[in-house]
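Text of the file my_file-v1.csv, holding CSV, C-alpha atoms:
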```csv
chain,number,residue,atom,x,y,z
A,1,MET,CA,161.5,126.1,68.9
A,2,ASN,CA,162.2,126.8,65.2
A,3,MET,CA,162.8,123.1,64.7
A,4,PHE,CA,159.4,122.2,66.3
A,5,ARG,CA,157.7,124.9,64.2
A,6,ASN,CA,159.2,123.4,61.1
A,7,TYR,CA,158.0,119.9,62.1
A,8,LEU,CA,154.5,121.3,62.8
A,9,ASN,CA,154.4,123.1,59.4
A,10,LEU,CA,155.5,119.9,57.7
A,11,THR,CA,152.9,117.9,59.5
A,12,ILE,CA,150.1,120.3,58.5
A,13,ARG,CA,151.3,120.3,54.9
A,14,ASN,CA,151.4,116.5,54.8
A,15,LEU,CA,147.9,116.2,56.3
A,16,LYS,CA,146.5,118.7,53.9
A,17,SER,CA,147.9,116.8,51.0
A,18,LYS,CA,146.3,113.6,52.3
A,19,LYS,CA,142.8,114.9,53.2
A,20,GLY,CA,141.1,111.5,52.8
A,21,TYR,CA,143.5,109.8,55.1
A,22,PHE,CA,143.3,112.7,57.6
A,23,ILE,CA,139.5,112.8,57.7
A,24,ILE,CA,139.0,109.0,58.0
A,25,ASN,CA,141.5,108.8,60.8
A,26,LEU,CA,140.1,111.9,62.5
A,27,LEU,CA,136.5,110.5,62.4
A,28,GLY,CA,137.6,107.1,63.7
A,29,LEU,CA,139.6,108.6,66.6
A,30,THR,CA,136.9,111.1,67.5
A,31,ILE,CA,134.1,108.6,67.6
A,32,GLY,CA,136.2,106.1,69.6
A,33,ILE,CA,137.4,108.7,72.1
A,34,THR,CA,134.0,110.3,72.5
A,35,ALA,CA,132.2,107.0,73.1
A,36,PHE,CA,135.0,105.9,75.5
A,37,ILE,CA,134.9,109.0,77.6
A,38,LEU,CA,131.1,109.1,77.9
A,39,ILE,CA,130.9,105.5,79.0
A,40,VAL,CA,133.8,105.9,81.4
A,41,LEU,CA,132.1,108.9,83.0
A,42,TRP,CA,128.9,106.9,83.3
A,43,ILE,CA,130.7,104.0,84.9
A,44,LYS,CA,132.4,106.4,87.3
A,45,THR,CA,129.0,107.7,88.4
A,46,GLU,CA,127.4,104.3,88.7
A,47,THR,CA,130.2,103.0,90.9
A,48,SER,CA,130.2,106.1,93.1
A,49,TYR,CA,126.8,105.7,94.6
A,50,ASP,CA,126.7,106.2,98.4
A,51,LYS,CA,130.4,106.4,98.7
A,52,PHE,CA,130.3,110.0,100.0
A,53,HIS,CA,129.1,108.7,103.4
A,54,ARG,CA,131.9,108.8,106.0
A,55,ASN,CA,131.1,105.3,107.2
A,56,ALA,CA,129.9,103.8,103.9
A,57,ASP,CA,132.0,100.6,104.1
A,58,ASN,CA,130.5,99.8,107.5
A,59,ILE,CA,126.9,100.5,106.8
A,60,TYR,CA,124.5,97.7,105.9
A,61,ARG,CA,120.9,97.5,105.0
A,62,VAL,CA,118.9,94.7,106.6
A,63,ASP,CA,116.8,92.9,104.0
A,64,TYR,CA,113.7,90.9,104.9
A,65,LEU,CA,112.9,87.4,103.6
A,66,LEU,CA,109.6,85.5,104.3
A,67,TYR,CA,109.3,81.8,103.6
A,68,GLU,CA,105.9,80.1,103.7
A,69,GLU,CA,106.1,76.3,103.9
A,70,GLY,CA,109.7,76.5,102.7
A,71,ILE,CA,108.9,78.7,99.7
A,72,LEU,CA,110.3,82.2,99.5
A,73,GLU,CA,107.3,84.5,99.2
A,74,GLN,CA,108.8,87.9,99.9
A,75,TYR,CA,112.3,89.3,99.5
A,76,SER,CA,112.2,93.0,100.4
A,77,ALA,CA,114.5,95.9,101.0
A,78,SER,CA,112.1,97.0,103.8
A,79,GLY,CA,110.9,94.8,106.6
A,80,SER,CA,110.4,94.3,110.3
A,81,THR,CA,110.1,97.5,112.4
A,82,GLY,CA,111.8,96.0,115.5
A,83,VAL,CA,114.8,94.2,113.9
A,84,GLY,CA,117.3,97.0,113.9
A,85,LYS,CA,116.8,97.7,117.6
A,86,GLU,CA,117.2,94.0,118.6
A,87,ILE,CA,120.3,93.6,116.3
A,88,LYS,CA,121.9,96.4,118.2
A,89,ASN,CA,120.9,95.1,121.6
A,90,MET,CA,122.1,91.5,120.9
A,91,PHE,CA,125.3,91.9,119.0
A,92,PRO,CA,128.1,94.1,120.3
A,93,GLU,CA,129.7,94.5,116.8
A,94,VAL,CA,126.7,96.7,115.9
A,95,GLU,CA,127.6,100.3,116.8
A,96,ASP,CA,124.3,101.9,115.9
A,97,TYR,CA,121.2,101.5,113.8
A,98,THR,CA,118.5,103.7,112.2
A,99,ARG,CA,115.1,103.0,110.6
A,100,PHE,CA,112.7,105.0,108.5
A,101,PHE,CA,109.4,104.8,106.8
A,102,ARG,CA,108.8,106.5,103.4
A,103,THR,CA,105.5,108.1,102.5
A,104,GLU,CA,103.9,110.9,100.6
A,105,SER,CA,101.7,113.6,102.1
A,106,LEU,CA,100.1,117.0,101.5
A,107,VAL,CA,102.4,119.5,103.2
A,108,ARG,CA,101.1,122.9,104.2
A,109,TYR,CA,102.7,126.1,105.4
A,110,GLY,CA,100.4,129.1,105.5
A,111,ASP,CA,98.7,129.2,102.2
A,112,LYS,CA,101.2,127.0,100.4
A,113,ILE,CA,100.3,123.4,99.9
A,114,PHE,CA,102.3,120.8,98.0
A,115,LYS,CA,102.1,117.1,97.6
A,116,GLU,CA,105.5,115.8,98.7
A,117,LYS,CA,106.5,112.2,97.6
A,118,ASN,CA,109.8,111.8,99.4
A,119,ILE,CA,109.0,112.2,103.1
A,120,LEU,CA,110.8,110.0,105.6
A,121,TYR,CA,109.8,109.3,109.1
A,122,ALA,CA,113.2,108.8,110.6
A,123,GLN,CA,115.1,108.6,113.8
A,124,SER,CA,117.8,111.1,114.9
A,125,SER,CA,120.3,108.3,114.5
A,126,PHE,CA,119.8,108.7,110.8
A,127,PHE,CA,122.5,111.4,110.9
A,128,ASN,CA,124.8,109.1,113.0
A,129,LEU,CA,125.0,106.7,110.0
A,130,PHE,CA,124.5,108.9,107.0
A,131,SER,CA,126.7,111.9,106.2
A,132,PHE,CA,124.0,114.2,104.8
A,133,GLN,CA,125.4,117.7,105.7
A,134,LEU,CA,123.3,119.9,107.9
A,135,THR,CA,123.5,123.6,107.3
A,136,ASP,CA,121.4,124.4,110.3
A,137,GLY,CA,120.7,122.2,113.4
A,138,LYS,CA,122.9,119.8,115.4
A,139,PRO,CA,122.9,116.0,114.7
A,140,ASP,CA,122.0,114.9,118.2
A,141,SER,CA,119.3,112.9,119.8
A,142,SER,CA,116.9,115.9,119.9
A,143,LEU,CA,117.2,116.6,116.1
A,144,LEU,CA,114.3,114.3,115.1
A,145,ALA,CA,112.6,114.2,118.5
A,146,ILE,CA,108.8,114.0,118.5
A,147,ASN,CA,107.1,116.7,116.4
A,148,HIS,CA,110.4,117.8,114.8
A,149,ALA,CA,111.2,118.0,111.1
A,150,VAL,CA,114.4,118.5,109.0
A,151,ILE,CA,114.0,119.8,105.4
A,152,THR,CA,116.3,120.1,102.4
A,153,GLU,CA,117.5,123.5,101.0
A,154,GLU,CA,115.2,123.1,98.0
A,155,THR,CA,112.2,122.4,100.2
A,156,SER,CA,113.1,125.4,102.4
A,157,ARG,CA,113.1,127.7,99.3
A,158,LYS,CA,109.8,126.3,98.1
A,159,TYR,CA,107.9,126.9,101.3
A,160,PHE,CA,109.8,129.8,102.9
A,161,GLY,CA,111.6,131.6,100.2
A,162,ASN,CA,114.6,133.5,101.6
A,163,GLU,CA,113.3,133.3,105.2
A,164,ASN,CA,115.0,131.1,107.9
A,165,PRO,CA,112.6,128.1,108.3
A,166,VAL,CA,114.0,127.0,111.7
A,167,GLY,CA,111.3,127.4,114.3
A,168,LYS,CA,108.5,127.5,111.8
A,169,VAL,CA,105.7,124.8,111.7
A,170,ILE,CA,104.6,122.7,108.8
A,171,SER,CA,101.5,120.5,108.7
A,172,LEU,CA,101.2,117.0,107.1
A,173,ASP,CA,97.8,116.1,105.7
A,174,GLY,CA,96.3,118.6,108.1
A,175,ALA,CA,96.7,116.1,110.9
A,176,SER,CA,100.2,116.5,112.3
A,177,ASP,CA,102.3,119.6,112.9
A,178,PHE,CA,106.1,119.5,112.9
A,179,GLU,CA,108.5,122.2,113.9
A,180,VAL,CA,111.4,122.7,111.5
A,181,VAL,CA,114.7,122.3,113.5
A,182,GLY,CA,117.2,121.7,110.8
A,183,ILE,CA,118.2,122.1,107.1
A,184,VAL,CA,120.1,119.6,105.0
A,185,ARG,CA,122.2,120.4,101.9
A,186,SER,CA,120.9,119.1,98.6
A,187,VAL,CA,120.9,115.3,98.7
A,188,PRO,CA,123.7,114.1,96.3
A,189,GLU,CA,122.3,112.6,93.0
A,190,ASN,CA,124.5,109.5,93.5
A,191,SER,CA,122.6,108.6,96.7
A,192,HIS,CA,120.2,105.6,96.5
A,193,MET,CA,117.9,107.3,99.0
A,194,LYS,CA,116.3,110.6,98.2
A,195,PHE,CA,114.2,112.8,100.5
A,196,ASP,CA,112.8,116.2,100.8
A,197,ILE,CA,111.5,116.2,104.3
A,198,LEU,CA,112.5,114.2,107.4
A,199,VAL,CA,110.0,114.0,110.2
A,200,SER,CA,110.2,112.3,113.6
A,201,TYR,CA,109.8,108.5,113.7
A,202,GLU,CA,108.7,108.9,117.3
A,203,ASN,CA,105.4,110.3,116.0
A,204,LEU,CA,104.6,106.9,114.4
A,205,ILE,CA,105.5,105.0,117.6
A,206,LYS,CA,103.2,107.4,119.4
A,207,THR,CA,100.3,106.3,117.2
A,208,SER,CA,100.9,102.6,117.5
A,209,ARG,CA,103.5,100.2,119.1
A,210,TYR,CA,103.3,98.4,115.8
A,211,TRP,CA,105.9,100.8,114.5
A,212,ASP,CA,108.4,99.7,117.2
A,213,ASN,CA,108.2,95.9,117.4
A,214,SER,CA,106.2,94.4,114.5
A,215,TRP,CA,108.0,91.4,112.9
A,216,VAL,CA,105.8,90.3,109.9
A,217,SER,CA,106.0,93.7,108.1
A,218,GLU,CA,107.5,95.2,104.9
A,219,ARG,CA,107.2,98.8,105.8
A,220,VAL,CA,110.3,100.1,107.5
A,221,TYR,CA,113.9,100.3,106.1
A,222,THR,CA,116.6,99.4,108.6
A,223,TYR,CA,120.3,100.2,108.4
A,224,ILE,CA,123.0,99.2,110.8
A,225,LEU,CA,126.5,100.6,111.4
A,226,LEU,CA,129.1,98.0,112.3
A,227,THR,CA,132.2,98.7,114.4
A,228,PRO,CA,135.4,99.0,112.4
A,229,GLY,CA,136.8,95.6,111.5
A,230,ALA,CA,133.5,93.7,112.3
A,231,ASN,CA,132.7,90.7,110.0
A,232,ALA,CA,129.4,91.3,108.2
A,233,GLU,CA,129.2,87.6,107.1
A,234,ALA,CA,129.7,86.4,110.6
A,235,LEU,CA,127.0,88.7,111.9
A,236,GLU,CA,124.6,87.6,109.2
A,237,ALA,CA,125.0,84.0,110.2
A,238,LYS,CA,123.8,84.9,113.7
A,239,LEU,CA,120.7,86.9,112.6
A,240,PRO,CA,118.4,83.8,112.7
A,241,ARG,CA,118.6,84.0,116.5
A,242,ILE,CA,116.5,87.2,116.4
A,243,PRO,CA,113.2,85.9,114.9
A,244,GLU,CA,113.7,82.6,116.8
A,245,THR,CA,114.0,84.5,120.1
A,246,PHE,CA,111.0,86.8,119.6
A,247,ILE,CA,108.5,84.9,117.5
A,248,GLY,CA,109.9,81.4,117.2
A,249,LYS,CA,106.8,79.6,118.6
A,250,PHE,CA,104.5,81.7,116.4
A,251,MET,CA,106.5,80.9,113.2
A,252,LYS,CA,106.3,77.1,113.9
A,253,GLU,CA,102.6,77.3,114.5
A,254,ALA,CA,101.9,79.4,111.4
A,255,PHE,CA,104.4,77.5,109.1
A,256,PHE,CA,106.5,80.4,108.1
A,257,LEU,CA,110.1,81.5,108.6
A,258,LEU,CA,111.7,84.9,108.7
A,259,GLU,CA,115.3,85.5,107.6
A,260,TYR,CA,117.4,88.7,107.4
A,261,ARG,CA,120.3,89.4,105.1
A,262,LEU,CA,122.8,92.2,105.1
A,263,VAL,CA,123.6,94.3,102.0
A,264,ARG,CA,126.6,96.7,102.1
A,265,LEU,CA,125.5,100.3,101.5
A,266,THR,CA,127.8,100.8,98.6
A,267,ASP,CA,126.5,97.6,96.9
A,268,ILE,CA,122.9,98.5,96.9
A,269,HIS,CA,122.8,100.5,93.7
A,270,LEU,CA,124.5,98.0,91.5
A,271,ARG,CA,124.0,94.6,93.2
A,272,SER,CA,120.6,94.7,94.7
A,273,SER,CA,117.3,94.2,92.9
A,274,VAL,CA,114.6,93.1,95.4
A,275,SER,CA,111.1,94.4,96.1
A,276,ASN,CA,110.5,97.8,97.7
A,277,GLU,CA,113.8,99.3,96.6
A,278,LEU,CA,113.9,103.0,97.3
A,279,GLU,CA,114.6,103.7,93.6
A,280,VAL,CA,115.3,101.8,90.4
A,281,ASN,CA,118.8,100.5,90.9
A,282,GLY,CA,121.5,100.1,88.3
A,283,SER,CA,123.2,96.8,87.2
A,284,TYR,CA,126.7,95.7,87.8
A,285,ARG,CA,126.4,93.5,84.7
A,286,ASN,CA,125.6,96.6,82.6
A,287,VAL,CA,128.6,98.4,84.0
A,288,VAL,CA,130.9,95.5,83.0
A,289,SER,CA,129.3,95.1,79.6
A,290,LEU,CA,129.5,98.8,78.7
A,291,GLY,CA,133.1,98.9,80.0
A,292,ILE,CA,134.0,96.1,77.6
A,293,ILE,CA,132.2,97.9,74.8
A,294,ALA,CA,134.0,101.2,75.6
A,295,CYS,CA,137.4,99.4,75.3
A,296,LEU,CA,136.4,97.6,72.1
A,297,VAL,CA,135.2,100.9,70.5
A,298,LEU,CA,138.5,102.5,71.4
A,299,LEU,CA,140.5,99.5,70.2
A,300,ILE,CA,138.7,99.5,66.8
A,301,ALA,CA,139.6,103.2,66.5
A,302,PHE,CA,143.2,102.4,67.2
A,303,ILE,CA,143.2,99.4,64.8
A,304,ASN,CA,141.7,101.6,62.1
A,305,TYR,CA,144.4,104.2,62.7
A,306,ILE,CA,147.2,101.6,62.6
A,307,ASN,CA,145.8,100.0,59.4
A,308,LEU,CA,145.7,103.4,57.6
A,309,ALA,CA,149.2,104.2,58.9
A,310,THR,CA,150.5,100.9,57.6
A,311,SER,CA,148.9,101.4,54.2
A,312,ARG,CA,151.0,104.5,53.9
A,313,SER,CA,154.2,102.7,54.8
A,314,ILE,CA,155.5,102.4,51.2
A,315,GLU,CA,154.9,106.1,50.6
A,316,LYS,CA,156.5,106.9,53.9
A,317,ALA,CA,159.5,104.7,53.1
A,318,HIS,CA,160.0,106.7,49.9
A,319,GLU,CA,159.7,110.0,51.9
A,320,VAL,CA,162.2,108.7,54.5
A,321,GLY,CA,164.7,107.7,51.8
A,322,ILE,CA,164.6,111.2,50.2
A,323,ARG,CA,165.0,112.9,53.6
A,324,LYS,CA,167.9,110.7,54.6
A,325,ILE,CA,169.6,111.6,51.3
A,326,SER,CA,168.9,115.2,52.2
A,327,GLY,CA,170.8,114.7,55.5
A,328,ALA,CA,168.0,113.9,58.0
A,329,VAL,CA,169.0,111.7,60.9
A,330,LYS,CA,167.0,109.0,62.6
A,331,LYS,CA,165.9,111.0,65.6
A,332,ASP,CA,164.6,113.8,63.3
A,333,LEU,CA,162.4,111.3,61.4
A,334,ILE,CA,161.1,109.7,64.5
A,335,PHE,CA,160.2,113.1,66.0
A,336,GLN,CA,158.5,114.2,62.8
A,337,PHE,CA,156.3,111.1,62.7
A,338,LEU,CA,155.5,111.4,66.4
A,339,THR,CA,154.6,115.1,65.8
A,340,GLU,CA,152.1,114.1,63.1
A,341,SER,CA,150.6,111.4,65.3
A,342,ALA,CA,150.3,113.8,68.3
A,343,PHE,CA,148.8,116.6,66.2
A,344,LEU,CA,146.1,114.3,64.8
A,345,ASN,CA,145.3,112.9,68.2
A,346,LEU,CA,145.2,116.4,69.7
A,347,ILE,CA,142.6,117.5,67.1
A,348,ALA,CA,140.6,114.4,67.7
A,349,PHE,CA,140.6,115.0,71.5
A,350,ILE,CA,139.5,118.6,71.1
A,351,ILE,CA,136.6,117.6,68.9
A,352,SER,CA,135.8,114.6,71.1
A,353,PHE,CA,135.8,116.9,74.2
A,354,THR,CA,133.4,119.2,72.5
A,355,CYS,CA,131.2,116.3,71.5
A,356,VAL,CA,131.1,115.0,75.1
A,357,LEU,CA,129.9,118.4,76.3
A,358,LEU,CA,127.2,118.6,73.6
A,359,LEU,CA,126.1,115.0,74.0
A,360,LEU,CA,126.2,114.8,77.8
A,361,PRO,CA,122.6,116.0,78.5
A,362,PHE,CA,121.2,113.6,76.0
A,363,PHE,CA,123.4,110.7,77.3
A,364,LYS,CA,122.3,111.4,80.9
A,365,GLN,CA,118.6,111.3,79.8
A,366,VAL,CA,119.1,108.0,77.8
A,367,MET,CA,121.1,106.4,80.6
A,368,GLN,CA,118.9,107.9,83.4
A,369,SER,CA,122.1,108.7,85.3
A,370,PRO,CA,123.2,111.8,87.2
A,371,LEU,CA,126.7,111.7,85.5
A,372,GLN,CA,128.7,114.9,85.5
A,373,ILE,CA,131.7,115.9,83.5
A,374,ASP,CA,135.0,115.4,85.3
A,375,TYR,CA,137.5,117.6,83.5
A,376,LEU,CA,140.6,116.2,85.3
A,377,MET,CA,139.6,112.7,84.6
A,378,VAL,CA,139.0,113.4,80.9
A,379,ILE,CA,142.4,114.9,80.6
A,380,ILE,CA,144.1,112.0,82.4
A,381,LEU,CA,142.2,109.5,80.2
A,382,PHE,CA,143.3,111.3,77.0
A,383,LEU,CA,147.0,111.3,78.2
A,384,ILE,CA,146.7,107.6,78.9
A,385,VAL,CA,145.1,106.9,75.6
```

So, in terms of structure tokens, how does the structure I just supplied come out?
Amino acid sequence: MNMFRNYLNLTIRNLKSKKGYFIINLLGLTIGITAFILIVLWIKTETSYDKFHRNADNIYRVDYLLYEEGILEQYSASGSTGVGKEIKNMFPEVEDYTRFFRTESLVRYGDKIFKEKNILYAQSSFFNLFSFQLTDGKPDSSLLAINHAVITEETSRKYFGNENPVGKVISLDGASDFEVVGIVRSVPENSHMKFDILVSYENLIKTSRYWDNSWVSERVYTYILLTPGANAEALEAKLPRIPETFIGKFMKEAFFLLEYRLVRLTDIHLRSSVSNELEVNGSYRNVVSLGIIACLVLLIAFINYINLATSRSIEKAHEVGIRKISGAVKKDLIFQFLTESAFLNLIAFIISFTCVLLLLPFFKQVMQSPLQIDYLMVIILFLIV
């Protein structure tokens, strides 16, 4: 312990005597580490979208493509209302499906009225595919039966305060009443779909059969759950059978063609950019580009550190010679230089960590990302660096 204290005191004295060297190195390392950590946290968040769902790897969105006289006119994330049902009926590798329609409405409870922009008309099977956690209510076929609604915790507090909302009735646009039968925990920020209220899709079907079996439409989002081990590409190759079966003659007469493509749930945020996306998605290219930039910034900081250390080599050689004459052995010299390097890096890390905490809110706003600090990851990154 005394030996380590002596090395530390010697390190501090050396750094004090070379303030310019110390400050330049510290600034370089601090900027490099801060930029690197912020970008890595952002990349971690961008690549985590929708992975919290239990069956994320087996869930696919059904995209809608419309060709007119051989020209692609529409490529949409939402599409035919009947396609999910028929995919499940025709192909055994499809375990389940769900569909929903997004809208906005004036919602009333008593004398409280709010305009809600994230309302989904959804089926009860919504909870068979997606792992949004219910704090009240059971995810069975009756959950989103006709005239039923499920709300988030935030929506519950907004309308009902601390009261239990289950059993209470809310009104949409003064025309439809829905009984609250369940409460969902806050929707994770790294979900590509956000909602405040879920109401029964059966209410739409009740108003018109269009909501159950329309084909030329861009209104409903459809997701399917494949059985474990099922091949999505093989299934996608068989999807042309569906429009051919149900509207093949009509397509030929009207000179148009429908196609459907599957997009893995975990690929939607970074690899999908079609019309009617539920929200503005990220970009895989941006993730790769910023990852390269993060590594380059850190590399530049290291090169700067190495160059400055090399520039002191003559002076260090003189110091080493004197210390050897004084009786120092090789391992003592190595430990001394490593102590100096570790001390400098530790100070840079502490300052960098503080900068990350201070800059995180601004960085989130600039990047429009829900990134959060991951303390364990930051420590591991520093140890690796």

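Using all atoms listed in the file, the smallest distance between any of A:Tyr49, A:Tyr60, A:Trp211, A:Tyr21 and Leu262 in chain A comes from A:Tyr60.
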
Do you know which residues are at most 7 Å from Ser191 in chain A counting all atoms listed in the file, after dropping those on the same chain fewer than 3 positions away, and could you put them as a PyMOL selection string?
chain A and resi 49-50+188+194

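Omitting Ile350 in chain A and its sequence neighbours fewer than 2 positions away, and counting only C-alpha atoms, the residues within 12 Å are Leu26, Leu29, Thr30, Ile31, Ile33, Thr34, Phe343, Leu344, Asn345, Leu346, Ile347, Ala348, Ser352, Phe353, Thr354, Cys355, Val356, Leu357, Val378, Ile379 and Phe382 of chain A.
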
With distances taken over all atoms listed in the file, which residue among A:Ile268, A:Leu360, A:Ile113, A:Ile303 lies nearest Ser283 in chain A?
A:Ile268

So which one's closest to Glu68 in chain A, A:Val385, A:Leu270, A:Ile334, A:Val216? Using only C-alpha atoms, please.
A:Val216

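Distances from A:Phe36, A:Glu189, A:Ile247, A:Leu120 to Leu204 in chain A were compared using only C-alpha atoms, and the smallest one belongs to A:Leu120.
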
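Nearest-residue note for Ser272 in chain A: choosing from A:Phe100, A:Tyr201, A:Phe91, A:Tyr75, the minimum distance belongs to A:Tyr75, counting only C-alpha atoms.
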
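Here the question is which of A:Ser311, A:Asn147, A:Ser76, A:Ser142 gets nearest to Arg261 in chain A using all atoms listed in the file, and that residue is A:Ser76.
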
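Taking CA of Thr103 in chain A and CA of His148 in chain A as endpoints, the distance between them is 16.4 Å.
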
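Residues within 9 Å of Tyr284 in chain A, counting only C-alpha atoms and excluding same-chain residues fewer than 5 positions away, are Glu46, Thr47, His269, Leu270, Arg271 and Ser289 of chain A.
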
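Across the structure, CA of Asp96 in chain A and CA of Leu129 in chain A are spaced 7.6 Å apart.
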
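The two atoms in question, CA of Pro240 in chain A and CA of Asp63 in chain A, are spaced 12.7 Å apart.
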
Can you tell me, as a PDB file with C-alpha atoms, keeping the file's coordinate frame, what residues are no more than 8 Å from Thr81 in chain A when counting only C-alpha atoms, ignoring any on the same chain fewer than 4 positions away?
```pdb
ATOM      1  CA  ARG A  99     115.100 103.000 110.600  1.00  0.00           C
ATOM      2  CA  TYR A 210     103.300  98.400 115.800  1.00  0.00           C
ATOM      3  CA  TRP A 211     105.900 100.800 114.500  1.00  0.00           C
ATOM      4  CA  ASP A 212     108.400  99.700 117.200  1.00  0.00           C
ATOM      5  CA  ASN A 213     108.200  95.900 117.400  1.00  0.00           C
ATOM      6  CA  SER A 214     106.200  94.400 114.500  1.00  0.00           C
ATOM      7  CA  TRP A 215     108.000  91.400 112.900  1.00  0.00           C
ATOM      8  CA  SER A 217     106.000  93.700 108.100  1.00  0.00           C
ATOM      9  CA  ARG A 219     107.200  98.800 105.800  1.00  0.00           C
ATOM     10  CA  VAL A 220     110.300 100.100 107.500  1.00  0.00           C
ATOM     11  CA  TYR A 221     113.900 100.300 106.100  1.00  0.00           C
ATOM     12  CA  THR A 222     116.600  99.400 108.600  1.00  0.00           C
TER      13      THR A 222
END
```

Please return range 286-301 of chain A, rebuilt to N, CA and C atoms, as a tab-separated table (two decimals), keeping the file's coordinate frame.
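Contents of out.tsv, as written:
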```tsv
chain	number	residue	atom	x	y	z
A	286	ASN	N	125.57	95.52	83.63
A	286	ASN	CA	125.60	96.60	82.60
A	286	ASN	C	126.87	97.38	82.66
A	287	VAL	N	127.36	97.63	83.86
A	287	VAL	CA	128.60	98.40	84.00
A	287	VAL	C	129.76	97.62	83.35
A	288	VAL	N	129.84	96.32	83.63
A	288	VAL	CA	130.90	95.50	83.00
A	288	VAL	C	130.76	95.45	81.52
A	289	SER	N	129.52	95.23	81.04
A	289	SER	CA	129.30	95.10	79.60
A	289	SER	C	129.64	96.38	78.86
A	290	LEU	N	129.19	97.53	79.38
A	290	LEU	CA	129.50	98.80	78.70
A	290	LEU	C	130.99	99.13	78.83
A	291	GLY	N	131.63	98.71	79.91
A	291	GLY	CA	133.10	98.90	80.00
A	291	GLY	C	133.82	98.16	78.94
A	292	ILE	N	133.40	96.93	78.68
A	292	ILE	CA	134.00	96.10	77.60
A	292	ILE	C	133.75	96.79	76.26
A	293	ILE	N	132.51	97.26	76.04
A	293	ILE	CA	132.20	97.90	74.80
A	293	ILE	C	133.01	99.17	74.58
A	294	ALA	N	133.20	99.96	75.65
A	294	ALA	CA	134.00	101.20	75.60
A	294	ALA	C	135.43	100.84	75.11
A	295	CYS	N	136.00	99.80	75.70
A	295	CYS	CA	137.40	99.40	75.30
A	295	CYS	C	137.42	98.89	73.90
A	296	LEU	N	136.40	98.16	73.47
A	296	LEU	CA	136.40	97.60	72.10
A	296	LEU	C	136.25	98.76	71.08
A	297	VAL	N	135.40	99.74	71.38
A	297	VAL	CA	135.20	100.90	70.50
A	297	VAL	C	136.57	101.62	70.30
A	298	LEU	N	137.25	101.83	71.42
A	298	LEU	CA	138.50	102.50	71.40
A	298	LEU	C	139.57	101.67	70.64
A	299	LEU	N	139.54	100.37	70.88
A	299	LEU	CA	140.50	99.50	70.20
A	299	LEU	C	140.26	99.46	68.70
A	300	ILE	N	138.99	99.46	68.28
A	300	ILE	CA	138.70	99.50	66.80
A	300	ILE	C	139.20	100.79	66.23
A	301	ALA	N	139.05	101.91	66.96
A	301	ALA	CA	139.60	103.20	66.50
A	301	ALA	C	141.08	103.12	66.29
```
